[in-house]
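Novice: If it helps, the file is called structure19.cif and holds mmCIF, C-alpha atoms:
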```cif
data_start
loop_
_atom_site.label_atom_id
_atom_site.label_comp_id
_atom_site.auth_asym_id
_atom_site.auth_seq_id
_atom_site.Cartn_x
_atom_site.Cartn_y
_atom_site.Cartn_z
CA MET A 1 7.02 1.44 -12.08
CA ALA A 2 6.49 0.50 -15.71
CA ARG A 3 4.76 3.05 -17.90
CA PRO A 4 1.24 1.85 -18.90
CA ARG A 5 0.76 1.03 -22.56
CA PRO A 6 -1.64 3.36 -24.41
CA TRP A 7 -4.09 0.52 -25.16
CA GLU A 8 -4.42 -0.43 -21.49
CA VAL A 9 -7.69 0.85 -20.00
CA SER A 10 -7.42 1.76 -16.32
CA ASP A 11 -10.08 0.78 -13.78
CA GLU A 12 -11.00 4.43 -13.28
CA LEU A 13 -11.51 5.09 -16.99
CA TRP A 14 -13.42 1.85 -17.47
CA ALA A 15 -15.80 2.90 -14.68
CA LEU A 16 -16.76 5.89 -16.87
CA ILE A 17 -17.03 3.91 -20.11
CA GLU A 18 -18.87 0.76 -19.00
CA PRO A 19 -22.25 2.39 -18.13
CA LEU A 20 -22.40 3.94 -21.62
CA LEU A 21 -22.04 0.69 -23.58
CA PRO A 22 -25.10 -1.10 -25.00
CA ARG A 23 -26.38 -4.00 -22.90
CA HIS A 24 -26.71 -7.49 -24.38
CA GLU A 25 -28.67 -10.00 -22.36
CA ARG A 26 -27.67 -13.59 -23.01
CA ARG A 27 -30.46 -15.87 -24.12
CA PHE A 28 -31.53 -18.59 -21.71
CA ARG A 29 -32.17 -21.18 -24.42
CA TYR A 30 -29.55 -21.65 -27.13
CA PRO A 31 -27.28 -18.95 -25.70
CA GLY A 32 -24.53 -19.58 -28.23
CA ARG A 33 -20.91 -18.69 -27.74
CA ARG A 34 -20.23 -16.29 -24.88
CA ARG A 35 -19.66 -12.68 -25.90
CA ILE A 36 -16.08 -11.46 -25.48
CA ASP A 37 -15.64 -9.00 -22.63
CA ASP A 38 -16.19 -5.39 -23.72
CA ARG A 39 -13.14 -4.12 -21.86
CA LYS A 40 -10.83 -6.58 -23.61
CA THR A 41 -12.40 -5.74 -26.96
CA LEU A 42 -11.88 -2.02 -26.35
CA GLN A 43 -8.22 -2.68 -25.61
CA GLY A 44 -8.00 -4.61 -28.88
CA ILE A 45 -9.44 -1.63 -30.76
CA LEU A 46 -6.94 0.67 -29.04
CA PHE A 47 -4.11 -1.73 -29.90
CA VAL A 48 -5.01 -1.51 -33.60
CA LEU A 49 -5.39 2.27 -33.30
CA TYR A 50 -2.01 2.95 -31.70
CA THR A 51 0.12 0.36 -33.49
CA GLY A 52 -1.47 0.65 -36.93
CA ILE A 53 -1.58 -3.14 -37.31
CA GLN A 54 -4.15 -4.67 -39.69
CA TRP A 55 -7.29 -6.05 -38.09
CA GLU A 56 -6.63 -9.63 -39.21
CA PHE A 57 -3.14 -9.59 -37.68
CA LEU A 58 -4.31 -8.68 -34.14
CA PRO A 59 -2.32 -11.13 -31.94
CA GLN A 60 -4.64 -13.70 -30.37
CA GLU A 61 -2.30 -14.26 -27.43
CA LEU A 62 -3.17 -10.79 -26.12
CA GLY A 63 -6.64 -12.01 -25.24
CA PHE A 64 -8.45 -9.15 -26.99
CA GLY A 65 -10.44 -11.37 -29.35
CA SER A 66 -10.14 -11.53 -33.11
CA GLY A 67 -9.71 -8.50 -35.33
CA SER A 68 -13.15 -9.02 -36.89
CA THR A 69 -14.75 -9.04 -33.43
CA CYS A 70 -13.05 -5.77 -32.49
CA TRP A 71 -14.05 -4.25 -35.85
CA ARG A 72 -17.70 -5.18 -35.36
CA ARG A 73 -17.67 -3.87 -31.78
CA LEU A 74 -16.26 -0.51 -32.92
CA ALA A 75 -18.96 -0.21 -35.60
CA GLU A 76 -21.64 -1.13 -33.04
CA TRP A 77 -20.49 1.46 -30.51
CA GLN A 78 -20.16 4.09 -33.20
CA GLN A 79 -23.74 3.50 -34.32
CA ALA A 80 -24.98 3.55 -30.71
CA GLY A 81 -23.43 7.00 -30.11
CA VAL A 82 -21.15 5.83 -27.30
CA ARG A 83 -18.34 8.20 -28.23
CA GLU A 84 -20.61 11.28 -28.03
CA GLN A 85 -21.81 10.29 -24.57
CA LEU A 86 -18.26 9.59 -23.40
CA GLN A 87 -16.99 12.91 -24.73
CA ARG A 88 -19.71 14.75 -22.82
CA VAL A 89 -18.88 12.92 -19.61
CA LEU A 90 -15.17 13.68 -19.95
CA LEU A 91 -15.74 17.34 -20.87
CA ASP A 92 -18.08 17.76 -17.89
CA ARG A 93 -15.44 16.35 -15.56
CA LEU A 94 -12.74 18.57 -17.07
CA ARG A 95 -14.89 21.64 -16.47
CA ALA A 96 -15.68 20.51 -12.94
CA ALA A 97 -11.91 20.24 -12.35
CA ASP A 98 -11.45 23.78 -13.80
CA GLN A 99 -9.45 22.42 -16.75
CA LEU A 100 -11.46 24.11 -19.54
CA ASP A 101 -11.15 27.74 -20.62
CA PHE A 102 -14.01 29.06 -22.80
CA SER A 103 -12.58 32.57 -23.01
CA ARG A 104 -11.43 31.72 -26.54
CA ALA A 105 -11.42 28.85 -29.00
CA VAL A 106 -9.06 28.01 -31.85
CA VAL A 107 -9.84 26.11 -35.06
CA ASP A 108 -7.67 24.46 -37.69
CA SER A 109 -7.56 21.34 -39.86
CA SER A 110 -5.09 18.77 -41.12
CA GLN A 111 -5.39 16.41 -44.03
CA ILE A 112 -4.24 12.82 -44.38
CA GLN A 113 -3.84 10.61 -47.42
CA ALA A 114 -6.54 7.99 -47.97
CA LYS A 115 -5.40 4.64 -49.29
CA ARG A 116 -8.97 3.30 -49.33
CA GLY A 117 -12.52 4.58 -49.42
CA ARG A 118 -12.24 6.62 -52.61
CA GLY A 119 -15.96 6.33 -53.21
CA CYS A 120 -16.93 7.43 -49.69
CA PRO A 121 -18.49 10.86 -49.04
CA LYS A 122 -15.68 11.83 -46.64
CA VAL A 123 -12.84 11.16 -49.07
CA GLY A 124 -12.03 13.64 -51.81
CA PRO A 125 -9.24 14.90 -54.09
CA SER A 126 -6.71 16.93 -52.16
CA PRO A 127 -5.97 20.38 -53.63
CA VAL A 128 -2.53 20.39 -51.98
CA ASP A 129 -1.49 16.83 -52.87
CA ARG A 130 -1.94 16.71 -56.65
CA GLY A 131 -5.51 15.57 -56.40
CA ARG A 132 -4.74 12.40 -54.48
CA PRO A 133 -7.65 11.11 -52.39
CA GLY A 134 -7.60 12.15 -48.77
CA SER A 135 -9.60 13.14 -45.70
CA LYS A 136 -9.49 16.13 -43.37
CA HIS A 137 -9.61 16.30 -39.60
CA HIS A 138 -11.15 19.59 -38.42
CA VAL A 139 -10.50 20.51 -34.79
CA ILE A 140 -11.76 23.19 -32.40
CA THR A 141 -10.03 23.57 -29.02
CA ASP A 142 -10.42 25.73 -25.95
CA ALA A 143 -7.80 28.28 -24.89
CA CYS A 144 -5.66 25.54 -23.32
CA GLY A 145 -5.65 23.31 -26.40
CA THR A 146 -8.17 20.75 -25.17
CA PRO A 147 -10.15 19.46 -28.18
CA LEU A 148 -13.83 20.30 -27.86
CA ARG A 149 -14.92 18.74 -31.14
CA VAL A 150 -13.34 16.85 -34.04
CA VAL A 151 -15.03 16.52 -37.45
CA LEU A 152 -14.15 14.32 -40.45
CA THR A 153 -14.61 15.52 -44.06
CA GLY A 154 -13.06 14.94 -47.48
CA SER A 155 -9.87 16.78 -48.42
CA ASN A 156 -11.74 18.79 -51.05
CA ARG A 157 -13.87 20.57 -48.44
CA ASN A 158 -12.81 24.15 -47.80
CA ASP A 159 -11.79 24.78 -44.19
CA VAL A 160 -14.13 27.73 -43.77
CA THR A 161 -17.19 25.62 -44.58
CA GLN A 162 -16.63 23.71 -41.33
CA LEU A 163 -16.20 26.79 -39.14
CA VAL A 164 -19.82 27.21 -38.09
CA PRO A 165 -20.55 23.44 -37.92
CA LEU A 166 -17.58 23.04 -35.56
CA VAL A 167 -18.86 25.78 -33.28
CA GLU A 168 -22.41 24.41 -33.29
CA ALA A 169 -21.17 20.86 -32.67
CA ILE A 170 -19.65 21.78 -29.30
CA PRO A 171 -21.80 19.91 -26.77
CA PRO A 172 -23.27 21.70 -23.73
CA VAL A 173 -20.55 21.30 -21.11
CA ARG A 174 -21.76 21.02 -17.54
CA GLY A 175 -19.80 20.29 -14.39
CA ARG A 176 -20.21 23.64 -12.63
CA PRO A 177 -23.19 25.56 -11.20
CA GLY A 178 -25.17 27.59 -13.68
CA ARG A 179 -26.03 27.10 -17.32
CA PRO A 180 -23.86 24.73 -19.38
CA ARG A 181 -21.27 26.34 -21.64
CA ARG A 182 -21.23 25.54 -25.34
CA LYS A 183 -19.62 28.52 -27.05
CA PRO A 184 -16.44 30.57 -26.51
CA ARG A 185 -16.24 34.34 -26.21
CA ARG A 186 -13.69 34.69 -29.03
CA LEU A 187 -12.58 32.46 -31.89
CA TYR A 188 -9.11 32.49 -33.47
CA ALA A 189 -8.25 31.13 -36.91
CA ASP A 190 -5.71 31.51 -39.71
CA ARG A 191 -6.14 32.94 -43.22
CA ALA A 192 -7.93 29.85 -44.52
CA TYR A 193 -11.01 31.09 -42.62
CA ASP A 194 -10.83 34.67 -43.93
CA HIS A 195 -14.41 35.31 -45.11
CA ASP A 196 -16.50 38.22 -43.85
CA VAL A 197 -19.71 36.21 -44.26
CA TYR A 198 -18.51 33.75 -41.64
CA ARG A 199 -17.31 36.53 -39.38
CA ASP A 200 -20.87 37.86 -39.42
CA LYS A 201 -22.22 34.39 -38.64
CA LEU A 202 -19.95 34.17 -35.60
CA ARG A 203 -20.97 37.63 -34.37
CA ALA A 204 -24.64 36.64 -34.75
CA ARG A 205 -23.91 33.79 -32.32
CA GLY A 206 -22.29 36.12 -29.80
CA ILE A 207 -18.70 35.12 -30.67
CA THR A 208 -16.02 37.69 -31.50
CA PRO A 209 -13.96 36.52 -34.52
CA ARG A 210 -10.18 36.94 -34.50
CA ILE A 211 -9.30 35.67 -37.98
CA ALA A 212 -6.14 36.60 -39.90
CA ARG A 213 -6.72 38.39 -43.20
CA ARG A 214 -5.17 37.45 -46.51
CA GLY A 215 -2.53 39.84 -47.76
CA ASP A 216 -1.63 41.20 -44.32
CA ASP A 217 1.95 40.92 -43.16
CA HIS A 218 2.84 38.19 -40.71
CA GLY A 219 3.46 39.16 -37.12
CA SER A 220 -0.10 39.95 -36.06
CA GLY A 221 0.43 38.02 -32.85
CA LEU A 222 -2.33 35.49 -33.49
CA GLY A 223 0.24 32.71 -33.67
CA LYS A 224 0.98 33.12 -29.97
CA LEU A 225 -2.58 32.01 -29.25
CA ARG A 226 -3.19 29.65 -32.17
CA TRP A 227 -0.36 27.22 -31.51
CA VAL A 228 -2.49 25.19 -29.09
CA VAL A 229 -4.61 23.79 -31.92
CA GLU A 230 -1.45 22.66 -33.73
CA ALA A 231 -0.48 20.73 -30.61
CA ALA A 232 -3.95 19.20 -30.43
CA ILE A 233 -3.68 18.00 -34.05
CA ALA A 234 -0.29 16.47 -33.23
CA TRP A 235 -1.91 14.55 -30.36
CA LEU A 236 -4.69 13.36 -32.67
CA HIS A 237 -2.16 12.06 -35.18
CA GLY A 238 -0.07 10.33 -32.53
CA PRO A 239 -1.76 6.94 -33.14
CA ARG A 240 -0.42 5.38 -36.32
CA ARG A 241 -3.88 4.45 -37.59
CA LEU A 242 -4.79 8.15 -37.98
CA ARG A 243 -1.71 9.21 -39.96
CA ILE A 244 -2.93 7.48 -43.13
CA ARG A 245 -6.51 6.45 -43.74
CA TRP A 246 -6.74 2.68 -44.34
CA GLU A 247 -10.45 2.32 -43.58
CA THR A 248 -12.90 1.89 -46.43
CA ARG A 249 -15.89 3.00 -44.37
CA ASP A 250 -16.27 6.54 -43.07
CA ASP A 251 -17.81 5.45 -39.77
CA ILE A 252 -14.86 3.20 -38.88
CA HIS A 253 -12.27 5.91 -39.52
CA ASP A 254 -14.43 8.44 -37.69
CA GLY A 255 -14.73 5.94 -34.84
CA PHE A 256 -10.94 5.83 -34.54
CA LEU A 257 -10.81 9.65 -34.67
CA GLN A 258 -13.44 10.13 -31.98
CA LEU A 259 -11.92 7.42 -29.79
CA THR A 260 -8.57 9.22 -29.94
CA HIS A 261 -10.37 12.42 -28.95
CA CYS A 262 -11.79 10.63 -25.90
CA MET A 263 -8.38 9.28 -24.92
CA ILE A 264 -6.87 12.78 -25.12
CA LEU A 265 -9.62 14.12 -22.85
CA ALA A 266 -9.11 11.26 -20.41
CA ALA A 267 -5.35 11.91 -20.32
CA LYS A 268 -5.99 15.56 -19.40
CA LEU A 269 -8.20 14.68 -16.46
CA PRO A 270 -6.56 15.06 -13.03
CA THR A 271 -6.30 11.77 -11.16
CA HIS A 272 -8.79 12.85 -8.51
CA ALA A 273 -11.37 13.81 -11.19
CA ILE A 274 -11.60 10.38 -12.86
#
```
Translate this structure into structure tokens?

Specialist:
Amino acid sequence: MARPRPWEVSDELWALIEPLLPRHERRFRYPGRRRIDDRKTLQGILFVLYTGIQWEFLPQELGFGSGSTCWRRLAEWQQAGVREQLQRVLLDRLRAADQLDFSRAVVDSSQIQAKRGRGCPKVGPSPVDRGRPGSKHHVITDACGTPLRVVLTGSNRNDVTQLVPLVEAIPPVRGRPGRPRRKPRRLYADRAYDHDVYRDKLRARGITPRIARRGDDHGSGLGKLRWVVEAAIAWLHGPRRLRIRWETRDDIHDGFLQLTHCMILAAKLPTHAI
């Protein structure tokens, strides 16, 4: 059996996505050209995401529509909040399948070079790349390495400034009896997050911080638990379109980032849970 291509959307996954998309009723009089099927357009967006091809070079023979159509559809869904709704649905199903572990969370970030969008709020001079423009992907995962939230900022933003926003951005995850979960018991991070003020902010939220301190010798053992977030970042940067930022607009690049997050969550779902 041939391995499915990453831009192919299965029937089971489409059954979760389709109810979340905005509805467009066709006019009775002067209906105009028929709207391209949402499922095909989504596959076109995923094709651009995974291959890194330019929008205008999207092959027409694939039947996904033109690159400009896929671009507009991505912007429309991003504005409508489709990705947030889909992430909540997928996280709920993962928890229902006992695939989430809130006993601890791990945070980290990774920066990418930005070829475009220098004037955008979420592009800034990188302090580790000779001031070249870039963006950062901030990630918080559960104990198993499943991304709970992904945030986009400029490269000039300090990692620790996104610590509390990442924690607060975790959506309420349902799927099991009782109150929804939205915060871990403990949070692990490297030396970039070593600030006592933020440790106090985590404790005030009922979270025990486990953050490495600057100047301490290596070998604290935190790396044995923190490696899962490094794997999650590697999954996020698997699609070629997320290795270098080519998008001028923040919302389009963030749309690609959040869509990749959704695809990672969908891949972690057991077959019977989709």

Novice: Got a sec to resolve the PyMOL selection byres ((chain A and resi 6) around 10) on this structure and send the residues as a PDB file with C-alpha atoms, in the coordinates of the input?

Specialist:
```pdb
ATOM      1  CA  ARG A   3       4.760   3.050 -17.900  1.00  0.00           C
ATOM      2  CA  PRO A   4       1.240   1.850 -18.900  1.00  0.00           C
ATOM      3  CA  ARG A   5       0.760   1.030 -22.560  1.00  0.00           C
ATOM      4  CA  TRP A   7      -4.090   0.520 -25.160  1.00  0.00           C
ATOM      5  CA  GLU A   8      -4.420  -0.430 -21.490  1.00  0.00           C
ATOM      6  CA  VAL A   9      -7.690   0.850 -20.000  1.00  0.00           C
ATOM      7  CA  GLN A  43      -8.220  -2.680 -25.610  1.00  0.00           C
ATOM      8  CA  LEU A  46      -6.940   0.670 -29.040  1.00  0.00           C
ATOM      9  CA  PHE A  47      -4.110  -1.730 -29.900  1.00  0.00           C
ATOM     10  CA  LEU A  49      -5.390   2.270 -33.300  1.00  0.00           C
ATOM     11  CA  TYR A  50      -2.010   2.950 -31.700  1.00  0.00           C
ATOM     12  CA  THR A  51       0.120   0.360 -33.490  1.00  0.00           C
ATOM     13  CA  PRO A 239      -1.760   6.940 -33.140  1.00  0.00           C
ATOM     14  CA  MET A 263      -8.380   9.280 -24.920  1.00  0.00           C
TER      15      MET A 263
END
```

Novice: Interatomic distance between atom CA of Gly215 of chain A and atom CA of Val128 of chain A?

Specialist: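 Here the two named atoms are 19.9 Å from each other.
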
Novice: Take the point (-15.6, 20.6, -41.1) as written in the file and pick out every residue within 8 Å of it, counting only C-alpha atoms; give the list as an MDAnalysis selection string.

Specialist: chainID A and resid 136:138 151:153 157 159:163 165:166

Novice: Applying the PyMOL selection byres ((chain A and resi 89) around 10) to the file I just gave you, which residues come out? Please list them as number ranges by chain.

Specialist: A: 16-17, 20, 83-88, 90-94, 173-175, 262, 265-266

Novice: Have a look at atom CA of Pro147 of chain A and atom CA of Trp246 of chain A and let me know their distance in Å, one decimal.

Specialist: 23.5 Å

Novice: Given the file shown, enumerate the residues that the PyMOL selection byres ((chain A and resi 113) around 10) captures and present them as a VMD selection string.

Specialist: chain A and resid 111 to 112 114 to 116 123 to 126 129 132 to 136 155 242 to 246

Novice: Out of A:Gly44, A:Pro127, A:Gly178, A:Gly223, which residue has the shortest atom-to-atom distance to Gly65 of chain A when counting only C-alpha atoms?

Specialist: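 Looking only at the distances to Gly65 of chain A, the closest residue turns out to be A:Gly44.
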
Novice: Between atom CA of Val229 of chain A and atom CA of Glu168 of chain A, what is the spacing in Å?

Specialist: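 Going from atom CA of Glu168 of chain A over to atom CA of Val229 of chain A covers 17.9 Å.
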
Novice: For Pro180 of chain A, which residue out of A:Ile233, A:Ala96, A:Ile252, A:Leu58 is the nearest one, using all atoms listed in the file?

Specialist: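 For Pro180 of chain A, the nearest of the given residues is A:Ala96.
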
Novice: Of the residues A:Gly63, A:Thr248, A:Arg95, A:Ile211, which is the one nearest to Gly119 of chain A, using all atoms listed in the file?

Specialist: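 Between A:Gly63, A:Thr248, A:Arg95, A:Ile211, the residue approaching Gly119 of chain A most closely is A:Thr248.
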
Novice: Excluding same-chain residues fewer than 6 positions from Thr141 of chain A, what lies within 8 Å of it counting all atoms listed in the file, as a ChimeraX atom specification?

Specialist: /A:105-107,147-149,228-229,232

Novice: Which residue, A:Arg182, A:Lys40, A:Arg33, A:Lys122, has the smallest gap to Asp251 of chain A when you use all atoms listed in the file?

Specialist: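 Result for the nearest residue to Asp251 of chain A: A:Lys122.
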
Novice: Point out the residue among A:Val139, A:Gly255, A:Val197, A:Arg118 with the least atom-to-atom distance to Trp235 of chain A, counting all atoms listed in the file.

Specialist: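 Result for the nearest residue to Trp235 of chain A: A:Val139.
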
Novice: Kindly indicate which residue among A:Ile45, A:Leu62, A:Cys120, A:Ile36 lies nearest to Ala75 of chain A, using all atoms listed in the file for the distances.

Specialist: A:Ile45
